[in-house]
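Student: Pasting input_19.pdb below, which is PDB, C-alpha atoms.
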```
MODEL        1
ATOM      1  CA  MET A   1     132.257 102.423  99.307
ATOM      2  CA  ILE A   2     128.832 100.876  98.785
ATOM      3  CA  MET A   3     126.066 103.061 100.156
ATOM      4  CA  ASN A   4     122.741 101.336 100.668
ATOM      5  CA  THR A   5     119.988 103.876 101.223
ATOM      6  CA  TYR A   6     116.590 103.487 102.833
ATOM      7  CA  LEU A   7     114.070 105.970 101.398
ATOM      8  CA  ALA A   8     111.154 106.812 103.698
ATOM      9  CA  CYS A   9     108.120 108.845 102.683
ATOM     10  CA  SER A  10     104.367 108.786 102.856
ATOM     11  CA  ASN A  11     102.904 107.829  99.512
ATOM     12  CA  TYR A  12      99.172 108.232  99.935
ATOM     13  CA  ASN A  13      98.434 110.874  97.303
ATOM     14  CA  ASP A  14      99.702 112.199  93.975
ATOM     15  CA  TYR A  15     102.111 114.829  95.311
ATOM     16  CA  GLN A  16     103.760 112.406  97.762
ATOM     17  CA  ALA A  17     104.121 109.849  94.967
ATOM     18  CA  GLU A  18     105.786 112.577  92.887
ATOM     19  CA  TRP A  19     108.186 113.357  95.756
ATOM     20  CA  VAL A  20     109.165 109.683  95.951
ATOM     21  CA  ARG A  21     109.689 109.534  92.181
ATOM     22  CA  ARG A  22     111.873 112.661  92.214
ATOM     23  CA  ALA A  23     113.893 111.432  95.205
ATOM     24  CA  VAL A  24     114.564 108.058  93.575
ATOM     25  CA  GLU A  25     115.624 109.826  90.376
ATOM     26  CA  ALA A  26     117.964 112.181  92.256
ATOM     27  CA  LEU A  27     119.492 109.379  94.353
ATOM     28  CA  GLU A  28     120.017 107.209  91.257
ATOM     29  CA  LYS A  29     122.059 110.053  89.733
ATOM     30  CA  ASN A  30     124.153 110.495  92.892
ATOM     31  CA  PRO A  31     127.571 108.808  92.465
ATOM     32  CA  THR A  32     127.856 108.229  96.239
ATOM     33  CA  ILE A  33     124.719 106.023  96.331
ATOM     34  CA  ASP A  34     124.679 102.459  95.046
ATOM     35  CA  ASN A  35     121.387 100.910  96.147
ATOM     36  CA  ILE A  36     118.054 102.411  97.135
ATOM     37  CA  TYR A  37     115.482 100.526  99.157
ATOM     38  CA  ASN A  38     112.147 102.175  98.390
ATOM     39  CA  PRO A  39     109.445 100.525 100.542
ATOM     40  CA  TRP A  40     106.758 101.528  98.061
ATOM     41  CA  ALA A  41     108.563  99.605  95.298
ATOM     42  CA  ASN A  42     108.965  96.570  97.567
ATOM     43  CA  GLN A  43     105.418  95.983  98.788
ATOM     44  CA  TYR A  44     104.480  92.603 100.178
ATOM     45  CA  LYS A  45     102.989  90.551  97.316
ATOM     46  CA  ASP A  46     103.178  93.740  95.205
ATOM     47  CA  VAL A  47      99.927  95.117  96.628
ATOM     48  CA  ASP A  48      99.341  98.845  96.864
ATOM     49  CA  ILE A  49      96.865 101.245  98.391
ATOM     50  CA  ASP A  50      94.449 100.576  95.499
ATOM     51  CA  ASP A  51      94.394  96.812  96.214
ATOM     52  CA  THR A  52      90.958  95.287  95.740
ATOM     53  CA  THR A  53      91.737  91.818  97.111
ATOM     54  CA  GLY A  54      91.617  92.885 100.755
ATOM     55  CA  LEU A  55      95.281  92.097 101.360
ATOM     56  CA  PHE A  56      96.364  95.755 101.739
ATOM     57  CA  GLY A  57      95.905  96.666 105.394
ATOM     58  CA  SER A  58      95.264  93.088 106.534
ATOM     59  CA  PHE A  59      97.156  91.640 109.498
ATOM     60  CA  GLU A  60      99.239  89.488 107.124
ATOM     61  CA  TRP A  61     100.176  92.547 105.061
ATOM     62  CA  GLN A  62     101.001  94.559 108.210
ATOM     63  CA  VAL A  63     103.352  91.888 109.597
ATOM     64  CA  LYS A  64     105.129  91.238 106.306
ATOM     65  CA  THR A  65     105.384  94.926 105.368
ATOM     66  CA  TYR A  66     106.892  95.719 108.769
ATOM     67  CA  GLN A  67     109.402  92.863 108.373
ATOM     68  CA  ASN A  68     110.332  93.911 104.836
ATOM     69  CA  ASP A  69     110.846  97.543 105.837
ATOM     70  CA  ARG A  70     112.727  96.633 109.019
ATOM     71  CA  ASN A  71     115.061  94.469 106.928
ATOM     72  CA  GLY A  72     115.436  97.330 104.431
ATOM     73  CA  MET A  73     116.430  99.693 107.245
ATOM     74  CA  GLY A  74     118.651  97.096 108.870
ATOM     75  CA  THR A  75     120.718  96.529 105.738
ATOM     76  CA  ALA A  76     120.877 100.229 104.824
ATOM     77  CA  ASP A  77     123.911 102.372 105.552
ATOM     78  CA  LEU A  78     121.797 105.520 105.852
ATOM     79  CA  GLY A  79     118.292 106.859 105.529
ATOM     80  CA  VAL A  80     116.667 109.590 103.460
ATOM     81  CA  PHE A  81     113.377 110.857 104.851
ATOM     82  CA  LEU A  82     110.886 112.953 102.888
ATOM     83  CA  MET A  83     108.855 114.621 105.633
ATOM     84  CA  ASP A  84     105.521 116.186 104.707
ATOM     85  CA  VAL A  85     105.077 119.141 107.082
ATOM     86  CA  ASP A  86     101.386 119.362 106.150
ATOM     87  CA  GLU A  87     100.568 115.730 106.947
ATOM     88  CA  GLN A  88     102.831 114.190 109.567
ATOM     89  CA  ASP A  89     103.377 110.439 109.231
ATOM     90  CA  GLU A  90     104.112 108.488 112.408
ATOM     91  CA  GLY A  91     105.628 105.722 110.273
ATOM     92  CA  CYS A  92     108.355 108.036 108.940
ATOM     93  CA  ASN A  93     109.087 109.194 112.475
ATOM     94  CA  MET A  94     109.345 105.579 113.645
ATOM     95  CA  GLU A  95     111.699 104.753 110.776
ATOM     96  CA  LEU A  96     113.869 107.765 111.621
ATOM     97  CA  GLY A  97     113.986 106.554 115.224
ATOM     98  CA  PHE A  98     114.954 103.046 114.089
ATOM     99  CA  MET A  99     117.815 104.369 111.995
ATOM    100  CA  THR A 100     118.979 106.619 114.839
ATOM    101  CA  ALA A 101     118.858 103.752 117.342
ATOM    102  CA  ASN A 102     121.019 101.729 114.950
ATOM    103  CA  HIS A 103     123.556 104.579 114.631
ATOM    104  CA  LYS A 104     122.815 105.210 110.966
ATOM    105  CA  PRO A 105     122.933 108.753 109.562
ATOM    106  CA  ALA A 106     119.803 110.349 108.174
ATOM    107  CA  VAL A 107     119.031 113.137 105.734
ATOM    108  CA  VAL A 108     115.618 114.746 106.227
ATOM    109  CA  VAL A 109     113.970 116.693 103.423
ATOM    110  CA  PHE A 110     111.080 118.858 104.665
ATOM    111  CA  LEU A 111     108.384 119.214 102.012
ATOM    112  CA  SER A 112     105.041 120.926 101.602
ATOM    113  CA  HIS A 113     102.464 120.758  98.842
ATOM    114  CA  GLY A 114     101.239 124.210  99.845
ATOM    115  CA  ASP A 115     102.973 127.268 101.237
ATOM    116  CA  SER A 116     103.599 125.731 104.666
ATOM    117  CA  LEU A 117     107.389 126.015 104.453
ATOM    118  CA  ASP A 118     107.047 129.805 104.450
ATOM    119  CA  LYS A 119     105.078 129.789 107.708
ATOM    120  CA  GLU A 120     106.200 128.883 111.226
ATOM    121  CA  ILE A 121     106.920 125.161 111.324
ATOM    122  CA  HIS A 122     107.206 123.229 114.568
ATOM    123  CA  ILE A 123     109.657 120.341 114.471
ATOM    124  CA  ASN A 124     109.714 117.928 117.371
ATOM    125  CA  LEU A 125     113.086 117.903 119.118
ATOM    126  CA  MET A 126     113.363 114.132 118.602
ATOM    127  CA  VAL A 127     113.298 114.654 114.828
ATOM    128  CA  ALA A 128     115.547 117.709 115.062
ATOM    129  CA  GLN A 129     118.203 115.789 116.981
ATOM    130  CA  SER A 130     117.918 112.524 115.010
ATOM    131  CA  ALA A 131     118.870 113.763 111.580
ATOM    132  CA  THR A 132     122.372 114.387 110.316
ATOM    133  CA  TYR A 133     121.411 116.849 107.597
ATOM    134  CA  PHE A 134     118.282 118.836 106.756
ATOM    135  CA  ILE A 135     117.067 120.045 103.370
ATOM    136  CA  LYS A 136     114.194 122.468 102.797
ATOM    137  CA  GLN A 137     111.964 121.610  99.803
ATOM    138  CA  ASP A 138     114.840 120.882  97.363
ATOM    139  CA  ILE A 139     114.609 117.142  96.622
ATOM    140  CA  GLU A 140     117.093 117.587  93.779
ATOM    141  CA  GLU A 141     119.838 118.393  96.328
ATOM    142  CA  LEU A 142     119.916 114.622  96.938
ATOM    143  CA  GLU A 143     121.571 114.307  93.521
ATOM    144  CA  THR A 144     124.704 116.191  94.632
ATOM    145  CA  TYR A 145     124.860 115.610  98.406
ATOM    146  CA  ASN A 146     128.026 113.664  99.290
ATOM    147  CA  PHE A 147     126.752 110.681 101.261
ATOM    148  CA  ASN A 148     130.329 109.473 101.757
ATOM    149  CA  MET A 149     131.128 112.547 103.868
ATOM    150  CA  MET A 150     127.693 113.179 105.456
ATOM    151  CA  LYS A 151     128.140 116.830 106.433
ATOM    152  CA  SER A 152     125.672 118.029 109.027
ATOM    153  CA  ASN A 153     123.596 121.120 109.709
ATOM    154  CA  THR A 154     120.827 122.139 112.105
ATOM    155  CA  ILE A 155     117.155 122.985 111.806
ATOM    156  CA  GLU A 156     118.065 126.626 112.363
ATOM    157  CA  ASP A 157     120.050 126.559 109.105
ATOM    158  CA  LEU A 158     116.742 126.212 107.243
ATOM    159  CA  GLY A 159     115.406 129.571 108.425
ATOM    160  CA  ASP A 160     113.906 131.371 111.381
ATOM    161  CA  ASN A 161     110.470 129.908 110.711
ATOM    162  CA  PHE A 162     111.635 126.403 111.741
ATOM    163  CA  LYS A 163     111.028 126.074 115.487
ATOM    164  CA  ILE A 164     112.070 123.124 117.628
ATOM    165  CA  ILE A 165     109.470 122.063 120.167
TER     166      ILE A 165
ENDMDL
END
```
Please, can you express the file's structure as structure tokens?

Tutor:
Amino acid sequence: MIMNTYLACSNYNDYQAEWVRRAVEALEKNPTIDNIYNPWANQYKDVDIDDTTGLFGSFEWQVKTYQNDRNGMGTADLGVFLMDVDEQDEGCNMELGFMTANHKPAVVVFLSHGDSLDKEIHINLMVAQSATYFIKQDIEELETYNFNMMKSNTIEDLGDNFKII
């Protein structure tokens, strides 16, 4: 079975870029994954956040980036979402909603660059009910998770400090 995966994550700083790198590496090692669509590796005209031409953030870039990512989600069988609990990203939440609306399973990995995962974490019920499976901090679990079977769990399985609001 071919499993096309859409990988969603903020990538605006060094630790988020490292999370993306580790997730791609883990998914590439997973025998149940064939293709990974990483939006950050498929930027319109190959621009990035450090673009000096003025294209990054322009209306043209916005339209084409949205179309590229929507097509990436549309052709994916499932989504993997790296959610930064310290810096929420509305884009990741929108992408999770898109995948859910299209009846595609989603694995959410909650991450923190600090000690936030040890404190009380409020997860919106829309996120809590959209995902198929939740992982706490362990990106490397993506290497062994069986995406052909897509077992599920709940937010509560991550610990008492995860609260649905």

Student: Restricting the calculation to all atoms listed in the file: of A:Thr53, A:Gln62, A:Asn35, A:Asn93, which residue gets closest to Ser10 in chain A?

Tutor: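 Selected residue with least distance to Ser10 in chain A: A:Asn93.
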
Student: Given the choices A:Gln43, A:Thr65, A:Gln88, A:Asn148, which gets closest to Ile121 in chain A if the distance is worked out from all atoms listed in the file?

Tutor: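 Between A:Gln43, A:Thr65, A:Gln88, A:Asn148, the residue approaching Ile121 in chain A most closely is A:Gln88.
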
Student: Compile the contact shell of Thr132 in chain A as number ranges by chain: residues with an atom at most 7 Å away, counting only C-alpha atoms, same-chain residues fewer than 5 positions apart removed.

Tutor: A: 105-107, 152-153

Student: Contacts between range 18-21 of chain A and range 92-124 of chain A, please, where a residue of range 92-124 of chain A counts if it comes within 12 Å (with all atoms listed in the file); show its shortest atom pair and distance in Å to one decimal, rows by chain and ascending number, as CSV.

Tutor:
```
residue,atom,partner,partner_atom,distance
A:Val109,CA,A:Trp19,CA,10.2
A:Phe110,CA,A:Trp19,CA,10.9
A:Leu111,CA,A:Trp19,CA,8.6
A:Ser112,CA,A:Trp19,CA,10.1
A:His113,CA,A:Trp19,CA,9.9
```

Student: Could you give me the centre and size, in Å to one decimal, of an axis-aligned box around all listed atoms of range 142-146 of chain A with 4 Å added on every side, as AutoDock Vina command-line options?

Tutor:
```
--center_x 124.0 --center_y 114.9 --center_z 96.4 --size_x 16.1 --size_y 10.5 --size_z 13.8
```

Student: Report as an NGL selection string all protein, DNA and RNA residues lying within 9 Å of Asn30 in chain A, evaluated on all atoms listed in the file, omitting residues in the same chain fewer than 5 positions from it.

Tutor: :A and (25 or 142-147)

Student: Would you write out those residues with C-alpha atoms, as a short mmCIF file (atom, residue, chain, number, x, y, z; two decimals), keeping the file's coordinate frame?

Tutor:
```cif
data_model
loop_
_atom_site.label_atom_id
_atom_site.label_comp_id
_atom_site.auth_asym_id
_atom_site.auth_seq_id
_atom_site.Cartn_x
_atom_site.Cartn_y
_atom_site.Cartn_z
CA GLU A 25 115.62 109.83 90.38
CA LEU A 142 119.92 114.62 96.94
CA GLU A 143 121.57 114.31 93.52
CA THR A 144 124.70 116.19 94.63
CA TYR A 145 124.86 115.61 98.41
CA ASN A 146 128.03 113.66 99.29
CA PHE A 147 126.75 110.68 101.26
#
```

Student: What residues come out when you apply the PyMOL selection byres ((chain A and resi 108) around 10) to this file, written as a PyMOL selection string?

Tutor: chain A and resi 8+79-83+96+106-107+109-111+127-128+130-136+139

Student: Quick one, how far is CA of Asn42 in chain A from CA of Asp86 in chain A?

Tutor: 25.5 Å

Student: In Å to one decimal, how far is CA of Glu140 in chain A from CA of Ala26 in chain A?

Tutor: 5.7 Å

Student: For Tyr12 in chain A, which of A:Asp84, A:Gly74, A:Met150, A:Ile36 is the closest residue, counting only C-alpha atoms?

Tutor: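 For Tyr12 in chain A, the nearest of the candidates is A:Asp84.
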
Student: Compute the distance from (115.8, 128.7, 109.7) to each atom, counting all atoms listed in the file, keep the residues with any atom at most 12 Å away, and return them as a list of chain:residue names; use the coordinates of the file.

Tutor: A:Leu117, A:Asp118, A:Lys119, A:Glu120, A:Ile121, A:His122, A:Ile123, A:Phe134, A:Ile135, A:Lys136, A:Asn153, A:Thr154, A:Ile155, A:Glu156, A:Asp157, A:Leu158, A:Gly159, A:Asp160, A:Asn161, A:Phe162, A:Lys163, A:Ile164
